[in-house]
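Okay, target.pdb is below, PDB, C-alpha atoms:
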ATOM      1  CA  MET A  29      89.081  97.027 100.640  1.00  0.00           C
ATOM      2  CA  ASN A  30      88.629  97.387  96.916  1.00  0.00           C
ATOM      3  CA  THR A  31      91.286  94.962  95.686  1.00  0.00           C
ATOM      4  CA  LYS A  32      90.821  95.914  92.039  1.00  0.00           C
ATOM      5  CA  THR A  33      91.720  99.517  92.842  1.00  0.00           C
ATOM      6  CA  ASP A  34      94.304  98.882  95.544  1.00  0.00           C
ATOM      7  CA  THR A  35      96.394  96.445  93.459  1.00  0.00           C
ATOM      8  CA  LEU A  36      96.159  98.300  90.158  1.00  0.00           C
ATOM      9  CA  GLY A  37      99.751  99.535  90.097  1.00  0.00           C
ATOM     10  CA  ASP A  38     101.398  96.416  91.517  1.00  0.00           C
ATOM     11  CA  PRO A  39     101.774  93.453  89.118  1.00  0.00           C
ATOM     12  CA  ILE A  40     102.533  90.982  91.906  1.00  0.00           C
ATOM     13  CA  LEU A  41      99.471  91.899  93.954  1.00  0.00           C
ATOM     14  CA  SER A  42      97.370  91.995  90.789  1.00  0.00           C
ATOM     15  CA  ALA A  43      98.481  88.454  89.922  1.00  0.00           C
ATOM     16  CA  ILE A  44      97.574  87.253  93.424  1.00  0.00           C
ATOM     17  CA  PHE A  45      94.110  88.791  93.387  1.00  0.00           C
ATOM     18  CA  GLN A  46      93.338  87.867  89.768  1.00  0.00           C
ATOM     19  CA  ARG A  47      94.433  84.216  90.021  1.00  0.00           C
ATOM     20  CA  ARG A  48      91.566  81.778  89.652  1.00  0.00           C
ATOM     21  CA  ALA A  49      91.332  78.007  89.216  1.00  0.00           C
ATOM     22  CA  ILE A  50      90.519  77.803  85.501  1.00  0.00           C
ATOM     23  CA  LYS A  51      88.556  74.755  84.360  1.00  0.00           C
ATOM     24  CA  ALA A  52      88.976  75.061  80.572  1.00  0.00           C
ATOM     25  CA  PHE A  53      91.987  76.107  78.503  1.00  0.00           C
ATOM     26  CA  GLU A  54      92.518  76.919  74.843  1.00  0.00           C
ATOM     27  CA  PRO A  55      95.368  75.147  73.027  1.00  0.00           C
ATOM     28  CA  VAL A  56      98.522  77.276  73.164  1.00  0.00           C
ATOM     29  CA  GLN A  57     102.181  76.375  73.196  1.00  0.00           C
ATOM     30  CA  ILE A  58     104.141  77.508  76.242  1.00  0.00           C
ATOM     31  CA  PRO A  59     107.569  78.786  75.086  1.00  0.00           C
ATOM     32  CA  VAL A  60     110.616  77.142  76.644  1.00  0.00           C
ATOM     33  CA  LEU A  61     111.727  80.465  78.144  1.00  0.00           C
ATOM     34  CA  THR A  62     108.337  80.898  79.817  1.00  0.00           C
ATOM     35  CA  ARG A  63     108.402  77.314  81.081  1.00  0.00           C
ATOM     36  CA  ASP A  64     111.845  77.848  82.580  1.00  0.00           C
ATOM     37  CA  LEU A  65     110.767  81.143  84.156  1.00  0.00           C
ATOM     38  CA  LEU A  66     107.826  79.445  85.884  1.00  0.00           C
ATOM     39  CA  LEU A  67     109.985  76.599  87.174  1.00  0.00           C
ATOM     40  CA  GLN A  68     112.671  79.009  88.353  1.00  0.00           C
ATOM     41  CA  SER A  69     109.961  80.975  90.173  1.00  0.00           C
ATOM     42  CA  ALA A  70     108.836  77.797  91.930  1.00  0.00           C
ATOM     43  CA  ARG A  71     112.407  77.179  93.095  1.00  0.00           C
ATOM     44  CA  GLN A  72     112.534  80.581  94.785  1.00  0.00           C
ATOM     45  CA  ALA A  73     109.941  79.514  97.357  1.00  0.00           C
ATOM     46  CA  PRO A  74     111.173  79.174 100.945  1.00  0.00           C
ATOM     47  CA  SER A  75     111.709  75.703 102.359  1.00  0.00           C
ATOM     48  CA  SER A  76     112.611  74.345 105.776  1.00  0.00           C
ATOM     49  CA  PHE A  77     116.411  74.604 106.241  1.00  0.00           C
ATOM     50  CA  ASN A  78     116.618  75.272 102.466  1.00  0.00           C
ATOM     51  CA  THR A  79     116.189  71.535 101.920  1.00  0.00           C
ATOM     52  CA  GLN A  80     113.883  72.067  98.907  1.00  0.00           C
ATOM     53  CA  PRO A  81     112.319  68.612  99.498  1.00  0.00           C
ATOM     54  CA  TYR A  82     110.341  68.368  96.263  1.00  0.00           C
ATOM     55  CA  ARG A  83     110.569  67.488  92.604  1.00  0.00           C
ATOM     56  CA  LEU A  84     108.473  68.994  89.816  1.00  0.00           C
ATOM     57  CA  TYR A  85     107.529  66.975  86.716  1.00  0.00           C
ATOM     58  CA  TRP A  86     106.642  69.237  83.779  1.00  0.00           C
ATOM     59  CA  VAL A  87     104.502  67.207  81.375  1.00  0.00           C
ATOM     60  CA  GLU A  88     104.046  68.818  77.955  1.00  0.00           C
ATOM     61  CA  SER A  89     104.432  66.203  75.184  1.00  0.00           C
ATOM     62  CA  PRO A  90     100.963  65.227  73.883  1.00  0.00           C
ATOM     63  CA  ALA A  91     101.286  61.504  74.619  1.00  0.00           C
ATOM     64  CA  GLN A  92     102.602  62.016  78.148  1.00  0.00           C
ATOM     65  CA  ARG A  93     100.102  64.783  78.841  1.00  0.00           C
ATOM     66  CA  ASP A  94      97.185  62.607  77.709  1.00  0.00           C
ATOM     67  CA  ALA A  95      98.386  59.744  79.899  1.00  0.00           C
ATOM     68  CA  VAL A  96      98.723  61.949  82.975  1.00  0.00           C
ATOM     69  CA  ALA A  97      95.366  63.649  82.254  1.00  0.00           C
ATOM     70  CA  LYS A  98      93.643  60.247  82.329  1.00  0.00           C
ATOM     71  CA  LEU A  99      95.272  59.548  85.696  1.00  0.00           C
ATOM     72  CA  CYS A 100      93.858  62.908  86.827  1.00  0.00           C
ATOM     73  CA  LEU A 101      90.418  61.325  86.350  1.00  0.00           C
ATOM     74  CA  SER A 102      90.085  62.970  82.910  1.00  0.00           C
ATOM     75  CA  GLN A 103      89.152  66.282  84.492  1.00  0.00           C
ATOM     76  CA  ASN A 104      88.588  69.007  81.928  1.00  0.00           C
ATOM     77  CA  PRO A 105      91.453  71.236  83.177  1.00  0.00           C
ATOM     78  CA  ALA A 106      93.857  68.312  82.805  1.00  0.00           C
ATOM     79  CA  GLN A 107      92.554  67.377  79.358  1.00  0.00           C
ATOM     80  CA  THR A 108      92.685  70.910  77.930  1.00  0.00           C
ATOM     81  CA  ALA A 109      95.870  72.229  79.590  1.00  0.00           C
ATOM     82  CA  SER A 110      98.994  73.038  77.592  1.00  0.00           C
ATOM     83  CA  ALA A 111     101.128  71.459  80.322  1.00  0.00           C
ATOM     84  CA  LEU A 112     100.700  69.614  83.587  1.00  0.00           C
ATOM     85  CA  VAL A 113     103.012  69.935  86.560  1.00  0.00           C
ATOM     86  CA  VAL A 114     103.106  67.036  88.993  1.00  0.00           C
ATOM     87  CA  ALA A 115     104.448  68.348  92.304  1.00  0.00           C
ATOM     88  CA  VAL A 116     106.063  65.626  94.404  1.00  0.00           C
ATOM     89  CA  ALA A 117     107.331  65.762  97.992  1.00  0.00           C
ATOM     90  CA  ASP A 118     110.742  64.082  97.791  1.00  0.00           C
ATOM     91  CA  LEU A 119     112.514  62.770 100.889  1.00  0.00           C
ATOM     92  CA  GLY A 120     115.137  60.985  98.823  1.00  0.00           C
ATOM     93  CA  SER A 121     116.702  64.295  97.774  1.00  0.00           C
ATOM     94  CA  LEU A 122     117.769  65.519 101.219  1.00  0.00           C
ATOM     95  CA  ARG A 123     121.319  64.148 101.369  1.00  0.00           C
ATOM     96  CA  ARG A 124     122.110  65.076  97.754  1.00  0.00           C
ATOM     97  CA  THR A 125     120.720  68.605  98.262  1.00  0.00           C
ATOM     98  CA  ALA A 126     122.991  69.102 101.281  1.00  0.00           C
ATOM     99  CA  GLU A 127     125.988  67.885  99.265  1.00  0.00           C
ATOM    100  CA  MET A 128     125.188  70.275  96.416  1.00  0.00           C
ATOM    101  CA  GLN A 129     124.807  73.222  98.781  1.00  0.00           C
ATOM    102  CA  SER A 130     128.166  72.399 100.401  1.00  0.00           C
ATOM    103  CA  ALA A 131     129.802  72.322  96.961  1.00  0.00           C
ATOM    104  CA  TRP A 132     128.166  75.640  96.066  1.00  0.00           C
ATOM    105  CA  MET A 133     129.431  77.218  99.296  1.00  0.00           C
ATOM    106  CA  ARG A 134     132.988  76.106  98.492  1.00  0.00           C
ATOM    107  CA  GLN A 135     132.784  77.450  94.931  1.00  0.00           C
ATOM    108  CA  SER A 136     131.325  80.731  96.210  1.00  0.00           C
ATOM    109  CA  GLY A 137     134.219  81.289  98.617  1.00  0.00           C
ATOM    110  CA  PHE A 138     132.431  80.791 101.933  1.00  0.00           C
ATOM    111  CA  PRO A 139     134.805  80.515 104.924  1.00  0.00           C
ATOM    112  CA  ALA A 140     135.685  76.935 105.882  1.00  0.00           C
ATOM    113  CA  SER A 141     134.094  77.492 109.302  1.00  0.00           C
ATOM    114  CA  LYS A 142     130.749  78.388 107.699  1.00  0.00           C
ATOM    115  CA  ILE A 143     130.869  75.324 105.467  1.00  0.00           C
ATOM    116  CA  ARG A 144     131.619  73.051 108.435  1.00  0.00           C
ATOM    117  CA  GLU A 145     128.791  74.677 110.384  1.00  0.00           C
ATOM    118  CA  TYR A 146     126.339  74.092 107.534  1.00  0.00           C
ATOM    119  CA  GLU A 147     127.430  70.479 107.033  1.00  0.00           C
ATOM    120  CA  ARG A 148     127.115  69.793 110.765  1.00  0.00           C
ATOM    121  CA  THR A 149     123.632  71.345 110.872  1.00  0.00           C
ATOM    122  CA  ALA A 150     122.527  69.390 107.784  1.00  0.00           C
ATOM    123  CA  ARG A 151     123.829  66.129 109.253  1.00  0.00           C
ATOM    124  CA  ILE A 152     122.115  66.746 112.608  1.00  0.00           C
ATOM    125  CA  GLY A 153     118.897  67.643 110.784  1.00  0.00           C
ATOM    126  CA  ARG A 154     118.913  64.380 108.844  1.00  0.00           C
ATOM    127  CA  ILE A 155     119.518  62.429 112.056  1.00  0.00           C
ATOM    128  CA  ILE A 156     116.724  64.217 113.921  1.00  0.00           C
ATOM    129  CA  PHE A 157     114.298  63.643 111.038  1.00  0.00           C
ATOM    130  CA  MET A 158     115.274  59.995 110.496  1.00  0.00           C
ATOM    131  CA  PRO A 159     112.529  57.536 111.580  1.00  0.00           C
ATOM    132  CA  GLY A 160     114.862  54.518 111.399  1.00  0.00           C
ATOM    133  CA  PRO A 161     114.001  50.855 110.661  1.00  0.00           C
ATOM    134  CA  LEU A 162     110.448  49.981 111.704  1.00  0.00           C
ATOM    135  CA  ASN A 163     110.222  53.539 113.044  1.00  0.00           C
ATOM    136  CA  LEU A 164     112.280  52.503 116.100  1.00  0.00           C
ATOM    137  CA  PHE A 165     114.248  55.747 116.125  1.00  0.00           C
ATOM    138  CA  GLY A 166     110.987  57.643 115.676  1.00  0.00           C
ATOM    139  CA  ARG A 167     109.556  56.075 118.824  1.00  0.00           C
ATOM    140  CA  LEU A 168     112.729  56.931 120.726  1.00  0.00           C
ATOM    141  CA  LYS A 169     112.513  60.536 119.512  1.00  0.00           C
ATOM    142  CA  GLU A 170     108.885  60.764 120.578  1.00  0.00           C
ATOM    143  CA  ALA A 171     109.689  59.595 124.103  1.00  0.00           C
ATOM    144  CA  LEU A 172     112.696  61.908 124.358  1.00  0.00           C
ATOM    145  CA  PHE A 173     110.958  65.037 123.086  1.00  0.00           C
ATOM    146  CA  ARG A 174     107.832  64.428 125.167  1.00  0.00           C
ATOM    147  CA  THR A 175     110.056  64.238 128.235  1.00  0.00           C
ATOM    148  CA  LEU A 176     111.896  67.406 127.255  1.00  0.00           C
ATOM    149  CA  HIS A 177     108.567  69.139 126.657  1.00  0.00           C
ATOM    150  CA  ILE A 178     107.730  68.725 130.350  1.00  0.00           C
ATOM    151  CA  LEU A 179     110.835  70.719 131.235  1.00  0.00           C
ATOM    152  CA  MET A 180     110.945  73.348 128.469  1.00  0.00           C
ATOM    153  CA  THR A 181     109.203  74.862 125.473  1.00  0.00           C
ATOM    154  CA  ILE A 182     110.233  72.687 122.537  1.00  0.00           C
ATOM    155  CA  GLY A 183     108.825  71.573 119.220  1.00  0.00           C
ATOM    156  CA  MET A 184     108.209  67.990 118.122  1.00  0.00           C
ATOM    157  CA  PRO A 185     110.199  66.824 115.063  1.00  0.00           C
ATOM    158  CA  PRO A 186     108.662  64.413 112.556  1.00  0.00           C
ATOM    159  CA  ILE A 187     108.200  61.021 114.215  1.00  0.00           C
ATOM    160  CA  THR A 188     107.138  58.775 111.352  1.00  0.00           C
ATOM    161  CA  ARG A 189     107.895  58.720 107.645  1.00  0.00           C
ATOM    162  CA  GLN A 190     104.366  59.998 107.083  1.00  0.00           C
ATOM    163  CA  ASP A 191     105.201  62.950 109.348  1.00  0.00           C
ATOM    164  CA  MET A 192     108.251  63.638 107.176  1.00  0.00           C
ATOM    165  CA  LEU A 193     106.178  63.533 103.998  1.00  0.00           C
ATOM    166  CA  LYS A 194     103.742  65.969 105.599  1.00  0.00           C
ATOM    167  CA  TRP A 195     106.686  68.240 106.463  1.00  0.00           C
ATOM    168  CA  ALA A 196     108.014  68.041 102.887  1.00  0.00           C
ATOM    169  CA  SER A 197     104.537  68.671 101.461  1.00  0.00           C
ATOM    170  CA  LYS A 198     104.448  72.112 103.104  1.00  0.00           C
ATOM    171  CA  SER A 199     107.542  73.234 101.203  1.00  0.00           C
ATOM    172  CA  THR A 200     106.179  71.632  98.029  1.00  0.00           C
ATOM    173  CA  ALA A 201     102.935  73.597  98.340  1.00  0.00           C
ATOM    174  CA  LEU A 202     104.868  76.861  98.719  1.00  0.00           C
ATOM    175  CA  ALA A 203     106.739  76.118  95.477  1.00  0.00           C
ATOM    176  CA  CYS A 204     103.401  75.387  93.763  1.00  0.00           C
ATOM    177  CA  GLN A 205     101.955  78.717  94.870  1.00  0.00           C
ATOM    178  CA  ASN A 206     105.006  80.548  93.529  1.00  0.00           C
ATOM    179  CA  LEU A 207     104.574  78.786  90.188  1.00  0.00           C
ATOM    180  CA  MET A 208     100.872  79.651  89.942  1.00  0.00           C
ATOM    181  CA  ILE A 209     101.398  83.332  90.778  1.00  0.00           C
ATOM    182  CA  ALA A 210     104.245  83.523  88.258  1.00  0.00           C
ATOM    183  CA  ALA A 211     101.996  81.964  85.601  1.00  0.00           C
ATOM    184  CA  GLU A 212      99.328  84.581  86.277  1.00  0.00           C
ATOM    185  CA  ALA A 213     101.934  87.348  86.084  1.00  0.00           C
ATOM    186  CA  VAL A 214     103.034  86.287  82.579  1.00  0.00           C
ATOM    187  CA  GLY A 215      99.486  85.968  81.245  1.00  0.00           C
ATOM    188  CA  LEU A 216      98.879  82.245  81.759  1.00  0.00           C
ATOM    189  CA  ASN A 217      96.312  80.547  83.961  1.00  0.00           C
ATOM    190  CA  THR A 218      96.381  77.536  86.241  1.00  0.00           C
ATOM    191  CA  CYS A 219      94.220  75.032  88.072  1.00  0.00           C
ATOM    192  CA  PRO A 220      95.618  73.092  91.037  1.00  0.00           C
ATOM    193  CA  MET A 221      94.107  69.607  91.243  1.00  0.00           C
ATOM    194  CA  GLU A 222      93.973  67.048  94.040  1.00  0.00           C
ATOM    195  CA  GLY A 223      91.784  64.672  92.048  1.00  0.00           C
ATOM    196  CA  PHE A 224      94.112  62.007  90.673  1.00  0.00           C
ATOM    197  CA  ASP A 225      94.911  58.317  91.041  1.00  0.00           C
ATOM    198  CA  GLY A 226      97.965  58.743  93.230  1.00  0.00           C
ATOM    199  CA  GLN A 227      99.067  55.127  93.116  1.00  0.00           C
ATOM    200  CA  ARG A 228      98.921  54.788  89.334  1.00  0.00           C
ATOM    201  CA  LEU A 229     100.382  58.251  88.727  1.00  0.00           C
ATOM    202  CA  ALA A 230     103.290  57.493  91.061  1.00  0.00           C
ATOM    203  CA  ARG A 231     103.905  54.244  89.222  1.00  0.00           C
ATOM    204  CA  TYR A 232     103.735  56.033  85.858  1.00  0.00           C
ATOM    205  CA  LEU A 233     106.411  58.502  87.003  1.00  0.00           C
ATOM    206  CA  GLY A 234     108.543  55.813  88.614  1.00  0.00           C
ATOM    207  CA  LEU A 235     108.182  57.218  92.123  1.00  0.00           C
ATOM    208  CA  SER A 236     109.064  55.407  95.336  1.00  0.00           C
ATOM    209  CA  GLN A 237     106.438  54.819  98.023  1.00  0.00           C
ATOM    210  CA  LYS A 238     109.201  55.189 100.593  1.00  0.00           C
ATOM    211  CA  CYS A 239     110.475  58.604  99.487  1.00  0.00           C
ATOM    212  CA  HIS A 240     107.771  60.292  97.410  1.00  0.00           C
ATOM    213  CA  GLU A 241     104.248  61.599  97.716  1.00  0.00           C
ATOM    214  CA  ILE A 242     102.330  63.519  95.044  1.00  0.00           C
ATOM    215  CA  VAL A 243     101.042  66.750  96.575  1.00  0.00           C
ATOM    216  CA  MET A 244      99.071  68.132  93.628  1.00  0.00           C
ATOM    217  CA  VAL A 245      98.912  68.362  89.858  1.00  0.00           C
ATOM    218  CA  ILE A 246      98.758  71.835  88.317  1.00  0.00           C
ATOM    219  CA  ALA A 247      97.139  72.390  84.918  1.00  0.00           C
ATOM    220  CA  ILE A 248      98.717  75.329  83.051  1.00  0.00           C
ATOM    221  CA  GLY A 249      97.530  77.072  79.902  1.00  0.00           C
ATOM    222  CA  LYS A 250      95.544  80.012  78.573  1.00  0.00           C
ATOM    223  CA  LYS A 251      91.951  80.369  79.698  1.00  0.00           C
ATOM    224  CA  SER A 252      89.484  79.439  76.987  1.00  0.00           C
ATOM    225  CA  PRO A 253      87.456  82.448  75.747  1.00  0.00           C
ATOM    226  CA  SER A 254      84.328  80.336  76.197  1.00  0.00           C
ATOM    227  CA  TYR A 255      85.030  79.670  79.879  1.00  0.00           C
ATOM    228  CA  MET A 256      83.100  81.928  82.235  1.00  0.00           C
ATOM    229  CA  ALA A 257      84.522  81.930  85.743  1.00  0.00           C
ATOM    230  CA  GLN A 258      82.010  82.054  88.562  1.00  0.00           C
ATOM    231  CA  PRO A 259      82.066  85.101  90.855  1.00  0.00           C
ATOM    232  CA  GLN A 260      84.700  84.641  93.538  1.00  0.00           C
ATOM    233  CA  TRP A 261      83.790  84.599  97.229  1.00  0.00           C
ATOM    234  CA  ARG A 262      86.102  84.614 100.227  1.00  0.00           C
ATOM    235  CA  ARG A 263      85.147  84.662 103.886  1.00  0.00           C
ATOM    236  CA  PRO A 264      85.168  88.139 105.480  1.00  0.00           C
ATOM    237  CA  ILE A 265      88.625  88.948 106.807  1.00  0.00           C
ATOM    238  CA  GLU A 266      87.349  89.015 110.390  1.00  0.00           C
ATOM    239  CA  ALA A 267      86.204  85.396 109.979  1.00  0.00           C
ATOM    240  CA  THR A 268      89.699  84.387 108.824  1.00  0.00           C
ATOM    241  CA  VAL A 269      92.149  86.580 110.714  1.00  0.00           C
ATOM    242  CA  THR A 270      92.708  87.071 114.429  1.00  0.00           C
ATOM    243  CA  VAL A 271      94.881  90.038 115.370  1.00  0.00           C
ATOM    244  CA  LEU A 272      96.404  89.709 118.853  1.00  0.00           C
TER     245      LEU A 272
END
Structure rendered as structure tokens:
Amino acid sequence: MNTKTDTLGDPILSAIFQRRAIKAFEPVQIPVLTRDLLLQSARQAPSSFNTQPYRLYWVESPAQRDAVAKLCLSQNPAQTASALVVAVADLGSLRRTAEMQSAWMRQSGFPASKIREYERTARIGRIIFMPGPLNLFGRLKEALFRTLHILMTIGMPPITRQDMLKWASKSTALACQNLMIAAEAVGLNTCPMEGFDGQRLARYLGLSQKCHEIVMVIAIGKKSPSYMAQPQWRRPIEATVTVL
């Protein structure tokens, strides 16, 4: 497949195939409208039960950006970016998100039965996901679902708080990918980074160890003309995909 030819007429596919992790940016200002477009694009990503269990911190002021860049181990993408986005898995938002969706359903004229159904599902979901004090409820869930698994095909819900953060991180990563593709589509470039001092960065942002986990930091800007990207390699599709 010649991706350059096959994606030529499709801006979305072109953005996907052209996206690279850029290591050096030139100083440009990202307009507020562009910033909002990127963040709105991130919000369109799918999430489990539409819980949207994440929070995005857009860091653009010079002082804040310099501070966060240092906590990203002073990597060149972080130091030269026009903005940094700290993507955080957020368990503390679940109840409030459900309340806001219920209010939106009422304002949008949903039938009362549909609203009650959603609120019941959201409440059951929070109970199923709840690990409880000292993870006691999590242990009970594990025993119950392992027993049920003997009798039927059934999935295992998150057992521990770390399991829940892992679950939330999946939705967070989907939002990050949306943001990076949107940036490419509007002529900006990005570099997702996992190299950062998570403990100090969490403290800097005022995050809670109980509810939050930083998934990645994304550097956003315009690729420096002096930066030469290395040729891109991906495994052959047959080494990556199994068609059954």
Counting all atoms listed in the file, what are the residues of segment 80-165 of chain A within 10 Å of segment 169-180 of chain A, and for each of them which pair of atoms is the nearest and at what distance in Å, to one decimal? Sort the table by chain and rising number, as CSV.
residue,atom,partner,partner_atom,distance
A:Ile156,CA,A:Lys169,CA,7.9
A:Phe157,CA,A:Lys169,CA,9.2
A:Met158,CA,A:Lys169,CA,9.4
A:Pro159,CA,A:Lys169,CA,8.5
A:Asn163,CA,A:Lys169,CA,9.8
A:Leu164,CA,A:Lys169,CA,8.7
A:Phe165,CA,A:Lys169,CA,6.1
**Study point:** Test item: residues at most 12 Å from segment 127-139 of chain A, only C-alpha atoms, excluding those fewer than 5 positions along its chain, as a ChimeraX atom specification
**Key:** /A:77-80,121-122,144-151
Exercise for review: Rounded to one decimal place, report the atom CA of Pro220 of chain A-atom CA of Val245 of chain A distance in Å.
Suggested key: 5.9 Å
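Relative to atom CA of Pro185 of chain A, atom CA of Leu168 of chain A is found at 11.7 Å.
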Given the file shown, determine the residues that the PyMOL selection byres ((chain A and resi 251-258) around 7) selects; report them as a tab-separated table (two decimals) with C-alpha atoms, keeping the file's coordinate frame.
chain	number	residue	atom	x	y	z
A	50	ILE	CA	90.52	77.80	85.50
A	52	ALA	CA	88.98	75.06	80.57
A	53	PHE	CA	91.99	76.11	78.50
A	54	GLU	CA	92.52	76.92	74.84
A	217	ASN	CA	96.31	80.55	83.96
A	249	GLY	CA	97.53	77.07	79.90
A	250	LYS	CA	95.54	80.01	78.57
A	259	PRO	CA	82.07	85.10	90.86
A	260	GLN	CA	84.70	84.64	93.54
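Here atom CA of Leu229 of chain A stands at a distance of 6.1 Å from atom CA of Leu99 of chain A.
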Exercise for review: Tell me which protein, DNA and RNA residues are within 9 Å of Asn104 of chain A, counting only C-alpha atoms, leaving out same-chain ones fewer than 3 positions away, and put them as a PyMOL selection string.
Suggested key: chain A and resi 51-53+97+107-109
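Using only C-alpha atoms for every distance, the candidate list A:Tyr85, A:Phe45, A:Trp261, A:Trp195 yields A:Tyr85 as the residue closest to Val116 of chain A.
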